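Everything on this sheet refers to the single structure shown next.
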Amino acid sequence: MKNMEEAAVAETMALKRLGRFLHPLHGGFDGSGWAIGKPLHPSMFYALLKSIGPIQYVDRLTVTVMKLEEGERTEPLPEKMAMIPHGIVTGGSHKLTALIV
C-alpha cells in the first residue's frame with residue numbers, strides 16, 4: 001500500500017470480506033454458507049485477501065481454529081482437525097497489519 005488512507009480502506013474492506021466469508025449461513029466464495037464439516041484451507045484466505053485492490057501481497061497468514069463443546073473452548077492441534085467432522089465455520093476476531101511502501 002502506498003499511504004495510510006489506502007491502508008485504512010484496505011483494512012475496512014478486508015474485515016468486511018472476512019466477516020462475510022466466514023458467515024456460517026451466507027459465507028464462502030459463492031455466498032451459500034458452509035457445509036457442516038467442510039474444512040478451511042489457508043489458500044482460501046490468501047485468495048480472498050488478494051482480491052482486495054490495495055493489497056499487493058500477503059506476507060504471513062495464521063488461522064486459529066477453536067472447538068466449542070459443552071461451553072468449553074479449546075484449540076485443537078492442526079493434525080487433530082479431522083477428528084472434528086461435524087464442525088461448522090463461523091467468524092471470529094481478526095488482526096491485520098499493513099506495510100506502507
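If you're wondering about the labels, chains in the C-alpha cells are A, B, ... by order shown, residues count from 1 in each chain, ligands from 1 in order shown.
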
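By only C-alpha atoms, and with residues fewer than 5 positions from range 82-99 of chain A along its chain excluded, the set lying at most 6 Å from it is Gly19, Leu22, His23, Pro24, Ile36 and Gly37 of chain A.
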
Please dump the current selection as a tab-separated table (two decimals), in the first residue's frame; keep N, CA, C and O atoms.
chain	number	residue	atom	x	y	z
A	19	GLY	N	-15.49	-11.21	7.49
A	19	GLY	CA	-16.73	-11.46	8.22
A	19	GLY	C	-17.79	-12.11	7.36
A	19	GLY	O	-18.45	-13.07	7.76
A	22	LEU	N	-16.74	-15.81	6.35
A	22	LEU	CA	-16.81	-16.80	7.42
A	22	LEU	C	-18.20	-16.96	8.02
A	22	LEU	O	-18.38	-17.73	8.95
A	23	HIS	N	-19.19	-16.27	7.48
A	23	HIS	CA	-20.55	-16.41	7.99
A	23	HIS	C	-21.04	-17.83	7.72
A	23	HIS	O	-20.95	-18.33	6.59
A	24	PRO	N	-21.55	-18.53	8.73
A	24	PRO	CA	-21.92	-19.94	8.55
A	24	PRO	C	-23.06	-20.17	7.54
A	24	PRO	O	-23.08	-21.20	6.87
A	36	ILE	N	-21.54	-28.46	6.91
A	36	ILE	CA	-21.02	-28.99	8.17
A	36	ILE	C	-19.85	-29.92	7.85
A	36	ILE	O	-19.93	-30.78	6.99
A	37	GLY	N	-18.73	-29.68	8.54
A	37	GLY	CA	-17.54	-30.49	8.35
A	37	GLY	C	-16.62	-30.02	7.23
A	37	GLY	O	-15.54	-30.56	7.05

Write out as number ranges by chain all residues of chain A that DSSP puts in strand (DSSP E or B) for this structure's backbone.
A: 67-69, 72-74

Skip Leu49 in chain A itself and residues of its chain fewer than 4 positions away, then list as a ChimeraX atom specification all residues within 8 Å of it, counting only C-alpha atoms.
/A:14,45,55,58

With only C-alpha atoms as the basis for distance, which of A:Lys67, A:Lys38, A:Lys2, A:Lys50 is at the shortest distance from Arg17 in chain A?
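Going through A:Lys67, A:Lys38, A:Lys2, A:Lys50 one by one, the smallest distance to Arg17 in chain A is for A:Lys50.
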
Which residue, A:Leu77, A:Leu48, A:Val9, A:Ile100, has the smallest gap to Leu61 in chain A when you use only C-alpha atoms?
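Residue with the minimum atom-to-atom distance to Leu61 in chain A: A:Leu48.
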
Write out as an NGL selection string the set of residues from chain A that DSSP, computed on the backbone, places in helix (DSSP H, G or I).
:A and (4-21 or 42-50 or 78-83)

Just write the chosen residues, N, CA, C and O atoms, as a compact mmCIF listing (two decimals), in the first residue's frame.
# COMPACT_ATOMS: atom_id res chain seq x y z
N MET A 4 -1.40 5.83 4.18
CA MET A 4 -2.29 5.44 5.28
C MET A 4 -3.75 5.38 4.85
O MET A 4 -4.50 4.53 5.33
N GLU A 5 -4.16 6.27 3.96
CA GLU A 5 -5.56 6.25 3.50
C GLU A 5 -5.87 4.94 2.78
O GLU A 5 -6.91 4.32 3.01
N GLU A 6 -4.95 4.51 1.92
CA GLU A 6 -5.12 3.25 1.19
C GLU A 6 -5.13 2.07 2.17
O GLU A 6 -5.91 1.13 2.02
N ALA A 7 -4.28 2.14 3.19
CA ALA A 7 -4.23 1.07 4.19
C ALA A 7 -5.53 1.00 4.98
O ALA A 7 -6.04 -0.09 5.26
N ALA A 8 -6.08 2.16 5.32
CA ALA A 8 -7.34 2.19 6.08
C ALA A 8 -8.48 1.60 5.25
O ALA A 8 -9.30 0.83 5.77
N VAL A 9 -8.54 1.94 3.98
CA VAL A 9 -9.58 1.40 3.09
C VAL A 9 -9.41 -0.12 2.96
O VAL A 9 -10.38 -0.87 3.06
N ALA A 10 -8.17 -0.56 2.77
CA ALA A 10 -7.91 -2.00 2.62
C ALA A 10 -8.28 -2.76 3.90
O ALA A 10 -8.86 -3.84 3.83
N GLU A 11 -7.97 -2.18 5.05
CA GLU A 11 -8.30 -2.84 6.32
C GLU A 11 -9.81 -2.97 6.48
O GLU A 11 -10.32 -4.04 6.83
N THR A 12 -10.54 -1.91 6.19
CA THR A 12 -12.01 -1.95 6.29
C THR A 12 -12.59 -3.00 5.35
O THR A 12 -13.44 -3.80 5.74
N MET A 13 -12.10 -3.00 4.11
CA MET A 13 -12.58 -3.98 3.13
C MET A 13 -12.25 -5.40 3.57
O MET A 13 -13.09 -6.31 3.45
N ALA A 14 -11.03 -5.61 4.06
CA ALA A 14 -10.61 -6.95 4.47
C ALA A 14 -11.45 -7.47 5.63
O ALA A 14 -11.90 -8.62 5.62
N LEU A 15 -11.70 -6.63 6.62
CA LEU A 15 -12.51 -7.05 7.76
C LEU A 15 -13.94 -7.39 7.34
O LEU A 15 -14.51 -8.38 7.80
N LYS A 16 -14.52 -6.58 6.46
CA LYS A 16 -15.88 -6.86 5.97
C LYS A 16 -15.91 -8.16 5.19
O LYS A 16 -16.80 -8.99 5.38
N ARG A 17 -14.94 -8.35 4.30
CA ARG A 17 -14.93 -9.58 3.48
C ARG A 17 -14.67 -10.82 4.32
O ARG A 17 -15.26 -11.87 4.07
N LEU A 18 -13.79 -10.72 5.30
CA LEU A 18 -13.55 -11.87 6.17
C LEU A 18 -14.81 -12.22 6.96
O LEU A 18 -15.16 -13.40 7.07
N GLY A 19 -15.49 -11.21 7.49
CA GLY A 19 -16.73 -11.46 8.22
C GLY A 19 -17.79 -12.11 7.36
O GLY A 19 -18.45 -13.07 7.76
N ARG A 20 -17.93 -11.60 6.15
CA ARG A 20 -18.92 -12.16 5.21
C ARG A 20 -18.52 -13.56 4.79
O ARG A 20 -19.34 -14.48 4.73
N PHE A 21 -17.23 -13.77 4.48
CA PHE A 21 -16.73 -15.05 4.02
C PHE A 21 -16.91 -16.14 5.07
O PHE A 21 -17.23 -17.29 4.75
N PRO A 42 -5.78 -22.41 4.24
CA PRO A 42 -5.18 -21.08 4.19
C PRO A 42 -5.24 -20.45 2.80
O PRO A 42 -5.38 -19.24 2.67
N SER A 43 -5.17 -21.26 1.76
CA SER A 43 -5.22 -20.71 0.39
C SER A 43 -6.52 -19.95 0.14
O SER A 43 -6.54 -19.00 -0.65
N MET A 44 -7.60 -20.32 0.82
CA MET A 44 -8.86 -19.59 0.68
C MET A 44 -8.71 -18.15 1.16
O MET A 44 -9.23 -17.23 0.55
N PHE A 45 -8.00 -17.98 2.27
CA PHE A 45 -7.82 -16.63 2.83
C PHE A 45 -6.85 -15.80 1.99
O PHE A 45 -7.05 -14.61 1.80
N TYR A 46 -5.81 -16.46 1.47
CA TYR A 46 -4.90 -15.74 0.58
C TYR A 46 -5.66 -15.20 -0.62
O TYR A 46 -5.52 -14.04 -1.01
N ALA A 47 -6.48 -16.05 -1.24
CA ALA A 47 -7.26 -15.63 -2.41
C ALA A 47 -8.21 -14.50 -2.06
O ALA A 47 -8.34 -13.52 -2.81
N LEU A 48 -8.88 -14.62 -0.94
CA LEU A 48 -9.83 -13.59 -0.52
C LEU A 48 -9.13 -12.25 -0.31
O LEU A 48 -9.57 -11.21 -0.82
N LEU A 49 -8.02 -12.26 0.42
CA LEU A 49 -7.32 -11.02 0.72
C LEU A 49 -6.66 -10.42 -0.53
O LEU A 49 -6.65 -9.21 -0.72
N LYS A 50 -6.14 -11.27 -1.40
CA LYS A 50 -5.52 -10.78 -2.64
C LYS A 50 -6.54 -10.16 -3.59
O LYS A 50 -6.17 -9.39 -4.47
N PRO A 78 -3.49 -28.81 14.60
CA PRO A 78 -3.87 -28.98 13.19
C PRO A 78 -4.03 -30.43 12.77
O PRO A 78 -4.94 -30.77 12.02
N GLU A 79 -3.17 -31.32 13.29
CA GLU A 79 -3.27 -32.73 12.89
C GLU A 79 -4.49 -33.43 13.48
O GLU A 79 -4.85 -34.52 13.07
N LYS A 80 -5.16 -32.78 14.43
CA LYS A 80 -6.36 -33.36 15.04
C LYS A 80 -7.66 -32.83 14.41
O LYS A 80 -8.74 -33.19 14.82
N MET A 81 -7.55 -31.95 13.41
CA MET A 81 -8.73 -31.34 12.82
C MET A 81 -9.69 -32.37 12.22
O MET A 81 -10.89 -32.18 12.23
N ALA A 82 -9.17 -33.44 11.68
CA ALA A 82 -10.02 -34.47 11.09
C ALA A 82 -10.92 -35.13 12.13
O ALA A 82 -11.92 -35.76 11.79
N MET A 83 -10.60 -34.95 13.40
CA MET A 83 -11.40 -35.54 14.47
C MET A 83 -12.61 -34.68 14.82
O MET A 83 -13.35 -34.99 15.74

At what distance in Å, to one decimal, does CA of Leu25 in chain A lie from CA of Glu69 in chain A?
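Answer for the CA of Glu69 in chain A to CA of Leu25 in chain A separation: 19.9 Å.
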